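Engineer: File target-v8.cif follows (mmCIF, C-alpha atoms):
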```
data_query
#
loop_
_atom_site.label_atom_id
_atom_site.label_comp_id
_atom_site.auth_asym_id
_atom_site.auth_seq_id
_atom_site.Cartn_x
_atom_site.Cartn_y
_atom_site.Cartn_z
CA MET J 1 -38.41 12.27 66.06
CA VAL J 2 -39.82 10.65 62.95
CA LYS J 3 -43.16 12.17 62.06
CA GLY J 4 -45.82 11.09 59.64
CA SER J 5 -47.39 7.94 58.29
CA ASN J 6 -44.12 5.96 58.07
CA ALA J 7 -43.98 5.40 61.85
CA LYS J 8 -44.77 1.75 62.60
CA ILE J 9 -44.58 2.15 66.39
CA ARG J 10 -45.46 5.28 68.35
CA ILE J 11 -44.58 5.51 72.02
CA ARG J 12 -46.18 8.38 73.89
CA SER J 13 -45.58 9.76 77.40
CA LEU J 14 -44.43 6.36 78.65
CA PHE J 15 -43.55 6.04 82.33
CA LYS J 16 -42.53 2.95 84.24
CA VAL J 17 -42.02 3.00 88.00
CA PHE J 18 -41.42 -0.20 89.95
CA GLY J 19 -42.93 -0.25 93.43
CA PRO J 20 -46.21 -0.71 95.33
CA ASN J 21 -47.42 2.86 94.79
CA ALA J 22 -46.19 3.40 91.25
CA ALA J 23 -49.01 5.63 90.00
CA ALA J 24 -48.56 8.19 92.77
CA MET J 25 -44.79 8.09 92.38
CA THR J 26 -45.14 8.75 88.64
CA GLU J 27 -46.87 12.02 89.48
CA ARG J 28 -43.89 12.98 91.63
CA VAL J 29 -41.47 12.12 88.83
CA ALA J 30 -43.49 14.14 86.35
CA ALA J 31 -43.31 17.05 88.79
CA GLY J 32 -39.50 16.86 88.80
CA MET J 33 -38.41 14.27 91.38
CA SER J 34 -35.14 12.61 90.37
CA LYS J 35 -34.50 8.89 90.06
CA GLU J 36 -32.14 9.00 93.03
CA GLU J 37 -34.59 10.87 95.27
CA LEU J 38 -37.44 8.54 94.32
CA LEU J 39 -35.38 5.56 95.42
CA GLU J 40 -33.93 7.10 98.58
CA ARG J 41 -37.11 8.71 99.92
CA HIS J 42 -39.83 6.36 98.66
CA GLY J 43 -38.16 3.06 97.80
CA HIS J 44 -39.44 3.08 94.21
CA VAL J 45 -37.36 2.57 91.07
CA LEU J 46 -37.78 4.81 88.04
CA ALA J 47 -37.23 2.76 84.88
CA LEU J 48 -38.70 5.00 82.17
CA LYS J 49 -39.51 8.69 82.26
CA ASN J 50 -41.81 10.32 79.71
CA ILE J 51 -40.57 8.43 76.65
CA ASP J 52 -41.79 9.81 73.31
CA LEU J 53 -40.46 7.87 70.33
CA ASP J 54 -41.63 7.24 66.78
CA ILE J 55 -40.09 4.15 65.21
CA PRO J 56 -40.06 4.10 61.39
CA ASP J 57 -41.65 1.28 59.44
CA ARG J 58 -39.20 -1.24 57.94
CA GLN J 59 -36.12 0.28 59.53
CA VAL J 60 -33.76 -0.69 62.34
CA GLN J 61 -34.24 1.46 65.44
CA VAL J 62 -31.48 0.91 67.98
CA ILE J 63 -32.22 1.54 71.67
CA MET J 64 -28.87 2.16 73.33
CA GLY J 65 -27.62 2.91 76.82
CA LEU J 66 -25.56 1.66 79.69
CA SER J 67 -26.80 -0.84 82.27
CA GLY J 68 -29.76 0.63 84.14
CA SER J 69 -30.67 3.10 81.38
CA GLY J 70 -34.07 1.46 80.76
CA LYS J 71 -33.40 0.18 77.24
CA SER J 72 -34.54 -3.43 77.78
CA THR J 73 -37.52 -2.26 79.83
CA LEU J 74 -38.58 0.01 76.98
CA VAL J 75 -38.46 -2.71 74.33
CA ARG J 76 -40.44 -5.11 76.52
CA HIS J 77 -43.30 -2.62 76.58
CA VAL J 78 -43.83 -3.10 72.84
CA ASN J 79 -45.11 -6.66 73.30
CA ARG J 80 -46.37 -5.98 76.85
CA LEU J 81 -43.99 -8.29 78.61
CA ILE J 82 -43.88 -5.32 80.98
CA GLU J 83 -46.94 -3.23 81.78
CA PRO J 84 -46.37 0.55 81.89
CA THR J 85 -47.32 2.76 84.77
CA SER J 86 -48.76 5.23 82.26
CA GLY J 87 -48.52 6.13 78.58
CA GLU J 88 -49.30 4.66 75.17
CA VAL J 89 -47.71 2.15 72.81
CA LEU J 90 -49.33 2.28 69.37
CA ILE J 91 -48.69 -0.27 66.60
CA ASP J 92 -50.13 0.87 63.27
CA GLY J 93 -52.40 3.09 65.35
CA ASP J 94 -53.67 0.29 67.62
CA ASP J 95 -52.99 0.70 71.34
CA VAL J 96 -51.15 -2.40 72.57
CA LEU J 97 -52.00 -1.45 76.15
CA ALA J 98 -55.73 -1.56 75.38
CA MET J 99 -55.63 -5.06 73.87
CA SER J 100 -57.70 -7.77 75.50
CA PRO J 101 -55.89 -10.97 76.56
CA GLY J 102 -57.02 -12.66 73.36
CA GLN J 103 -55.92 -9.77 71.17
CA LEU J 104 -52.57 -9.67 72.92
CA ARG J 105 -52.03 -13.39 72.33
CA GLU J 106 -52.76 -12.94 68.63
CA PHE J 107 -50.39 -9.97 68.45
CA ARG J 108 -47.60 -11.97 70.07
CA ARG J 109 -48.23 -14.93 67.78
CA PHE J 110 -48.39 -13.06 64.48
CA GLY J 111 -47.34 -9.43 64.91
CA VAL J 112 -44.08 -9.49 66.86
CA SER J 113 -41.13 -11.83 67.44
CA MET J 114 -38.28 -11.56 69.92
CA VAL J 115 -34.64 -12.63 70.05
CA PHE J 116 -33.10 -12.76 73.53
CA GLN J 117 -29.55 -12.27 74.79
CA ARG J 118 -29.34 -15.74 76.33
CA PHE J 119 -30.95 -17.46 73.32
CA ALA J 120 -34.01 -18.80 75.25
CA LEU J 121 -33.97 -22.01 73.25
CA LEU J 122 -35.56 -25.31 74.25
CA PRO J 123 -32.58 -27.61 75.01
CA HIS J 124 -34.64 -30.81 74.85
CA ARG J 125 -35.66 -30.04 71.26
CA THR J 126 -33.68 -30.08 68.02
CA VAL J 127 -32.73 -27.12 65.88
CA ALA J 128 -35.67 -27.80 63.56
CA GLU J 129 -38.10 -28.16 66.46
CA ASN J 130 -36.91 -24.88 67.98
CA VAL J 131 -37.27 -23.00 64.68
CA ALA J 132 -40.73 -24.48 64.16
CA TYR J 133 -41.89 -23.59 67.68
CA GLY J 134 -43.56 -20.29 66.78
CA LEU J 135 -45.11 -21.79 63.68
CA ARG J 136 -46.62 -24.59 65.76
CA ILE J 137 -48.17 -21.97 68.07
CA GLN J 138 -49.58 -20.16 65.03
CA GLY J 139 -51.27 -23.40 63.99
CA ILE J 140 -50.14 -23.35 60.38
CA ASP J 141 -50.33 -26.38 58.08
CA ARG J 142 -47.65 -28.98 58.90
CA ASN J 143 -46.31 -29.07 55.34
CA ASP J 144 -45.97 -25.28 55.32
CA GLU J 145 -44.36 -25.48 58.75
CA ALA J 146 -41.75 -27.94 57.49
CA ASP J 147 -41.00 -25.87 54.37
CA ARG J 148 -40.60 -22.61 56.31
CA THR J 149 -38.49 -24.27 58.99
CA ARG J 150 -36.14 -25.75 56.42
CA ARG J 151 -35.89 -22.47 54.50
CA TRP J 152 -34.98 -20.41 57.55
CA ILE J 153 -32.47 -22.93 58.84
CA GLU J 154 -30.74 -22.72 55.47
CA ARG J 155 -31.01 -18.92 55.37
CA VAL J 156 -29.14 -18.48 58.66
CA GLY J 157 -26.43 -20.91 57.62
CA LEU J 158 -27.37 -23.98 59.65
CA ALA J 159 -28.27 -26.46 56.91
CA GLY J 160 -27.20 -29.90 58.06
CA TYR J 161 -27.81 -29.16 61.74
CA GLU J 162 -31.59 -29.66 61.70
CA ASP J 163 -31.49 -32.72 63.99
CA TYR J 164 -28.87 -31.44 66.44
CA TYR J 165 -29.93 -30.53 69.96
CA THR J 166 -29.25 -26.88 70.60
CA ASN J 167 -27.10 -27.44 73.71
CA LYS J 168 -24.57 -29.16 71.42
CA LEU J 169 -24.10 -25.99 69.35
CA SER J 170 -21.77 -23.02 69.82
CA GLY J 171 -23.13 -19.72 71.09
CA GLY J 172 -23.12 -18.19 67.64
CA MET J 173 -24.97 -21.16 66.19
CA GLN J 174 -27.53 -21.04 69.00
CA GLN J 175 -28.22 -17.39 68.29
CA ARG J 176 -28.71 -18.20 64.62
CA VAL J 177 -31.36 -20.70 65.73
CA GLY J 178 -33.02 -17.98 67.79
CA LEU J 179 -32.97 -15.60 64.83
CA ALA J 180 -34.40 -18.23 62.49
CA ARG J 181 -37.17 -19.00 65.00
CA ALA J 182 -38.09 -15.31 65.21
CA LEU J 183 -38.07 -14.76 61.46
CA ALA J 184 -39.97 -17.94 60.60
CA THR J 185 -43.21 -16.54 62.01
CA ASP J 186 -43.06 -13.67 59.46
CA ALA J 187 -43.98 -11.05 62.07
CA ASP J 188 -43.73 -7.41 61.00
CA ILE J 189 -41.82 -6.42 64.16
CA LEU J 190 -38.62 -8.01 65.44
CA LEU J 191 -37.40 -7.20 68.97
CA MET J 192 -33.74 -7.99 69.68
CA ASP J 193 -32.68 -7.48 73.28
CA GLU J 194 -28.86 -7.50 73.53
CA ALA J 195 -29.09 -10.34 71.04
CA PHE J 196 -25.38 -10.46 70.22
CA SER J 197 -23.77 -9.32 73.48
CA ALA J 198 -23.14 -12.85 74.79
CA LEU J 199 -21.11 -13.74 71.70
CA ASP J 200 -17.38 -13.36 71.18
CA PRO J 201 -16.31 -10.40 68.99
CA LEU J 202 -15.70 -12.38 65.79
CA ILE J 203 -19.04 -14.20 65.90
CA ARG J 204 -20.74 -10.97 66.92
CA GLY J 205 -19.44 -9.31 63.77
CA ASP J 206 -20.73 -12.18 61.65
CA MET J 207 -24.17 -11.86 63.21
CA ARG J 208 -24.26 -8.12 62.48
CA VAL J 209 -23.51 -8.84 58.83
CA LEU J 210 -26.22 -11.50 58.73
CA LEU J 211 -28.76 -9.17 60.30
CA ARG J 212 -28.02 -6.40 57.80
CA GLU J 213 -28.37 -8.86 54.91
CA LEU J 214 -31.68 -10.15 56.23
CA GLN J 215 -32.99 -6.66 56.84
CA ARG J 216 -32.24 -5.60 53.26
CA GLU J 217 -34.13 -8.69 52.09
CA LEU J 218 -37.09 -8.68 54.50
CA GLU J 219 -37.53 -5.01 55.49
CA LYS J 220 -38.82 -5.73 58.99
CA THR J 221 -39.30 -3.11 61.67
CA VAL J 222 -36.49 -3.97 64.10
CA LEU J 223 -35.89 -2.69 67.64
CA PHE J 224 -32.34 -3.61 68.55
CA VAL J 225 -31.09 -3.11 72.11
CA THR J 226 -27.37 -2.69 72.76
CA HIS J 227 -24.90 -0.92 75.04
CA ASP J 228 -22.30 -0.73 72.26
CA LEU J 229 -22.26 2.41 70.08
CA GLU J 230 -20.11 0.78 67.41
CA GLU J 231 -22.72 -1.97 67.08
CA ALA J 232 -25.52 0.61 67.12
CA ILE J 233 -23.93 2.58 64.29
CA GLU J 234 -23.22 -0.51 62.22
CA ILE J 235 -26.78 -1.84 62.50
CA GLY J 236 -29.11 1.09 63.08
CA ASP J 237 -30.95 3.42 60.73
CA ARG J 238 -31.72 5.46 63.85
CA ILE J 239 -30.30 5.37 67.37
CA ALA J 240 -32.13 6.42 70.55
CA ILE J 241 -29.76 6.86 73.49
CA LEU J 242 -31.22 6.49 76.99
CA ARG J 243 -29.83 7.57 80.34
CA ASP J 244 -31.60 6.95 83.67
CA GLY J 245 -34.82 6.11 81.84
CA GLU J 246 -34.90 9.23 79.65
CA THR J 247 -34.26 9.69 75.94
CA ILE J 248 -31.21 11.94 75.61
CA GLN J 249 -30.93 11.88 71.81
CA ASN J 250 -32.56 10.15 68.87
CA GLY J 251 -31.20 10.45 65.34
CA ASP J 252 -29.39 8.72 62.53
CA PRO J 253 -25.82 7.55 63.19
CA GLN J 254 -24.25 10.52 61.46
CA GLU J 255 -26.29 13.00 63.53
CA ILE J 256 -25.24 11.22 66.72
CA VAL J 257 -21.54 11.34 65.79
CA LEU J 258 -21.50 14.88 64.35
CA HIS J 259 -23.85 16.54 66.82
CA PRO J 260 -23.89 14.72 70.18
CA ALA J 261 -26.55 16.24 72.41
CA ASP J 262 -24.32 16.48 75.49
CA ASP J 263 -20.99 15.42 76.97
CA TYR J 264 -22.42 12.01 77.94
CA ILE J 265 -23.09 11.13 74.29
CA ALA J 266 -19.89 12.84 73.11
CA GLU J 267 -17.94 10.45 75.33
CA PHE J 268 -19.65 7.50 73.61
CA THR J 269 -18.62 8.83 70.18
CA ARG J 270 -15.04 9.79 71.07
CA LYS J 271 -13.40 6.56 69.89
CA ILE J 272 -15.64 5.89 66.89
CA ASP J 273 -13.96 5.53 63.49
CA ARG J 274 -15.65 8.50 61.85
CA GLY J 275 -14.45 7.46 58.41
CA ARG J 276 -16.65 4.35 58.60
CA VAL J 277 -19.70 6.31 59.76
CA LEU J 278 -19.79 9.73 58.09
CA ARG J 279 -20.76 10.11 54.45
CA VAL J 280 -19.59 12.75 52.04
CA GLY J 281 -23.02 14.35 51.63
CA THR J 282 -23.24 15.03 55.35
CA VAL J 283 -20.04 17.08 55.62
CA MET J 284 -19.57 18.45 52.09
CA GLU J 285 -19.15 22.12 51.31
CA ALA J 286 -21.40 24.21 49.08
CA VAL J 287 -20.97 24.09 45.31
CA ARG J 288 -18.55 26.68 43.92
CA PRO J 289 -18.63 28.05 40.34
CA GLY J 290 -16.44 26.10 37.96
CA LEU J 291 -16.28 22.93 40.01
CA GLU J 292 -17.07 19.88 37.91
CA GLY J 293 -15.87 16.35 37.27
CA PRO J 294 -14.25 14.05 36.62
CA PRO J 295 -13.45 12.82 39.14
CA VAL J 296 -16.65 13.08 41.14
CA CYS J 297 -17.72 11.47 44.42
CA PRO J 298 -21.23 10.17 45.18
CA ALA J 299 -22.79 11.87 48.20
CA ASP J 300 -23.47 8.56 49.96
CA THR J 301 -19.79 7.51 49.91
CA LEU J 302 -18.18 6.85 53.29
CA LEU J 303 -15.32 9.23 54.06
CA SER J 304 -12.87 6.35 54.35
CA ASP J 305 -13.73 5.29 50.78
CA ALA J 306 -13.77 8.86 49.48
CA LEU J 307 -10.35 9.81 50.84
CA PRO J 308 -8.24 8.30 48.01
CA ILE J 309 -10.59 9.81 45.40
CA VAL J 310 -10.19 13.30 46.84
CA MET J 311 -6.47 13.11 47.56
CA THR J 312 -5.62 12.08 43.98
CA ALA J 313 -7.89 14.69 42.34
CA PRO J 314 -6.58 17.96 40.87
CA ASN J 315 -6.20 20.49 43.71
CA GLU J 316 -7.36 17.69 46.05
CA GLU J 317 -10.99 18.67 45.55
CA VAL J 318 -13.91 16.92 43.83
CA ALA J 319 -17.52 17.60 42.97
CA VAL J 320 -20.09 15.66 45.00
CA VAL J 321 -23.00 14.21 43.02
CA ASP J 322 -26.41 12.82 43.97
CA GLU J 323 -27.97 9.57 42.67
CA GLN J 324 -28.96 11.28 39.41
CA GLY J 325 -25.44 12.59 38.82
CA ASN J 326 -26.26 16.21 39.67
CA ILE J 327 -23.52 18.17 41.40
CA VAL J 328 -24.74 19.00 44.91
CA GLY J 329 -21.58 19.99 46.74
CA ALA J 330 -17.81 19.91 46.98
CA MET J 331 -15.32 17.92 49.03
CA SER J 332 -11.69 18.82 49.65
CA THR J 333 -8.91 17.08 51.51
CA VAL J 334 -8.91 19.85 54.11
CA ARG J 335 -12.64 19.50 54.68
CA MET J 336 -12.30 15.75 55.01
CA MET J 337 -9.47 15.98 57.52
CA VAL J 338 -11.53 18.30 59.69
CA ALA J 339 -14.46 15.85 59.59
CA LEU J 340 -12.28 12.86 60.38
CA GLY J 341 -10.49 14.75 63.12
CA GLY J 342 -13.61 15.53 65.09
CA GLY J 343 -15.27 18.60 63.61
CA ARG J 344 -18.74 18.45 65.18
CA HIS J 345 -20.53 21.28 63.40
CA LEU J 346 -19.81 20.63 59.76
CA GLY J 347 -22.49 21.13 57.17
CA ARG J 348 -23.21 22.95 53.97
CA ASP J 349 -21.45 26.34 53.99
#
```
Would you write out, as structure tokens, the structure that this file holds?

Structural biologist:
Amino acid sequence: MVKGSNAKIRIRSLFKVFGPNAAAMTERVAAGMSKEELLERHGHVLALKNIDLDIPDRQVQVIMGLSGSGKSTLVRHVNRLIEPTSGEVLIDGDDVLAMSPGQLREFRRFGVSMVFQRFALLPHRTVAENVAYGLRIQGIDRNDEADRTRRWIERVGLAGYEDYYTNKLSGGMQQRVGLARALATDADILLMDEAFSALDPLIRGDMRVLLRELQRELEKTVLFVTHDLEEAIEIGDRIAILRDGETIQNGDPQEIVLHPADDYIAEFTRKIDRGRVLRVGTVMEAVRPGLEGPPVCPADTLLSDALPIVMTAPNEEVAVVDEQGNIVGAMSTVRMMVALGGGRHLGRD
């Protein structure tokens, strides 16, 4: 869990039970009743169980899990599209659940934007009108609205399509409209609920690249929901994995791959290309006397990129250096092969 002042969103002891007697059923869940028993004996559905999660400011937090894990339900608590049974959702220290109707409207207008799986566009309006929709709700000056709309249409690669109706566009183009609409409002928080899952694999890859580019430029706080670990690793600074409404593990992609919390998560990571996830600094060995460059390998180098450097070095071993050029470790071909082959407990010796 991320601690300290850099947490933009703090979720505390969050429960969500669907049913007519949810509060009483939450007490039973807290006392140990399982999701299955709650449904079979009482006809209530447990969606979220005691979620505690700190989401860093200006990073991408992925919420991942299979269907029914509670991931979409969790994200919809951030803008109160779903009301919790109990718990807290704090944004910059302010409790979203304590907001008045007026405060909540302002928060949704200016503080948070959302991109949906099925685009949620207005088919009777043009691309430009869809992108401008949130700006119109904010009540900004019409000239500013036009400038921002045009800029974001260009930024997502849709210049020339301003006057097209969205139902005439491909799925990938429609999702670019949805992304432009969300970003145009300049909200600090961007919620993306399975935003790319309806797209074909090639377009989905393009959208991941676009999102990473935009995030480097804009530094938003992004909650990205997916059921795909490869997508989670490619996009996320941190990944929270849910199962049956509970957080099983939360960490950066390398932690998830190297140290899965249980067999459930290990199965997710089994087919991942570790060379495109793990970095040299994560699996390097301790510095040994006499080891120096050249060649050297930066600690943040992906293993797949480091492999030719190491294999062509004398004795197939190189010094690992930090951003200042200081030697901080060593990497050998043997060490790299172990990491790529599935060594789950590598670290500094």

Engineer: Once the PyMOL selection byres ((chain J and resi 165-169) around 10) has been applied to the shown file, what residues remain in the selection, as a ChimeraX atom specification?

Structural biologist: /J:119,121-130,161-164,170-175,177

Engineer: Using all atoms listed in the file, pick whichever of J:Glu154, J:Asp186, J:Glu145, J:Glu317 has the shortest atom-to-atom distance to Val296 (chain J).

Structural biologist: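 Distance minimum relative to Val296 (chain J) lands on J:Glu317.
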
Engineer: Any chance you could work out the residue set of the PyMOL selection byres ((chain J and resi 192) around 7) here, as a VMD selection string?

Structural biologist: chain J and resid 114 to 116 190 to 191 193 to 195 223 to 225

Engineer: Do you know which residues the PyMOL selection byres ((chain J and resi 19-36) around 9) returns on this file, as a PyMOL selection string?

Structural biologist: chain J and resi 15-18+37-47+49-50+85-86+244-245

Engineer: Just the number, please: distance in Å from CA of Pro84 (chain J) to CA of Leu14 (chain J), one decimal.

Structural biologist: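 Atom-to-atom, CA of Pro84 (chain J) to CA of Leu14 (chain J), that is 6.9 Å.
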
Engineer: Can you write out as JSON lines which residues of region 162-249 of chain J fall within 12 Å of region 104-109 of chain J, alongside each residue's closest atom pair and its distance in Å to one decimal, counting only C-alpha atoms and ordering rows by chain and ascending residue number?

Structural biologist:
```
{"residue": "J:Ala182", "atom": "CA", "partner": "J:Arg109", "partner_atom": "CA", "distance": 10.5}
{"residue": "J:Leu183", "atom": "CA", "partner": "J:Arg109", "partner_atom": "CA", "distance": 12.0}
{"residue": "J:Ala184", "atom": "CA", "partner": "J:Arg109", "partner_atom": "CA", "distance": 11.4}
{"residue": "J:Thr185", "atom": "CA", "partner": "J:Arg109", "partner_atom": "CA", "distance": 7.8}
{"residue": "J:Asp186", "atom": "CA", "partner": "J:Arg109", "partner_atom": "CA", "distance": 9.9}
{"residue": "J:Ala187", "atom": "CA", "partner": "J:Arg109", "partner_atom": "CA", "distance": 8.1}
{"residue": "J:Asp188", "atom": "CA", "partner": "J:Phe107", "partner_atom": "CA", "distance": 10.3}
{"residue": "J:Ile189", "atom": "CA", "partner": "J:Arg108", "partner_atom": "CA", "distance": 10.0}
{"residue": "J:Leu190", "atom": "CA", "partner": "J:Arg108", "partner_atom": "CA", "distance": 10.9}
{"residue": "J:Leu191", "atom": "CA", "partner": "J:Arg108", "partner_atom": "CA", "distance": 11.3}
```

Engineer: Report as a PyMOL selection string all protein, DNA and RNA residues lying within 12 Å of Met207 (chain J), evaluated on only C-alpha atoms, omitting residues in the same chain fewer than 5 positions from it.

Structural biologist: chain J and resi 156-157+171-179+195-202+212-214+231+234-235

Engineer: Calculate how many Å separate CA of Ser113 (chain J) from CA of Thr247 (chain J), rounding to one decimal.

Structural biologist: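 CA of Thr247 (chain J) lies 24.1 Å from CA of Ser113 (chain J).
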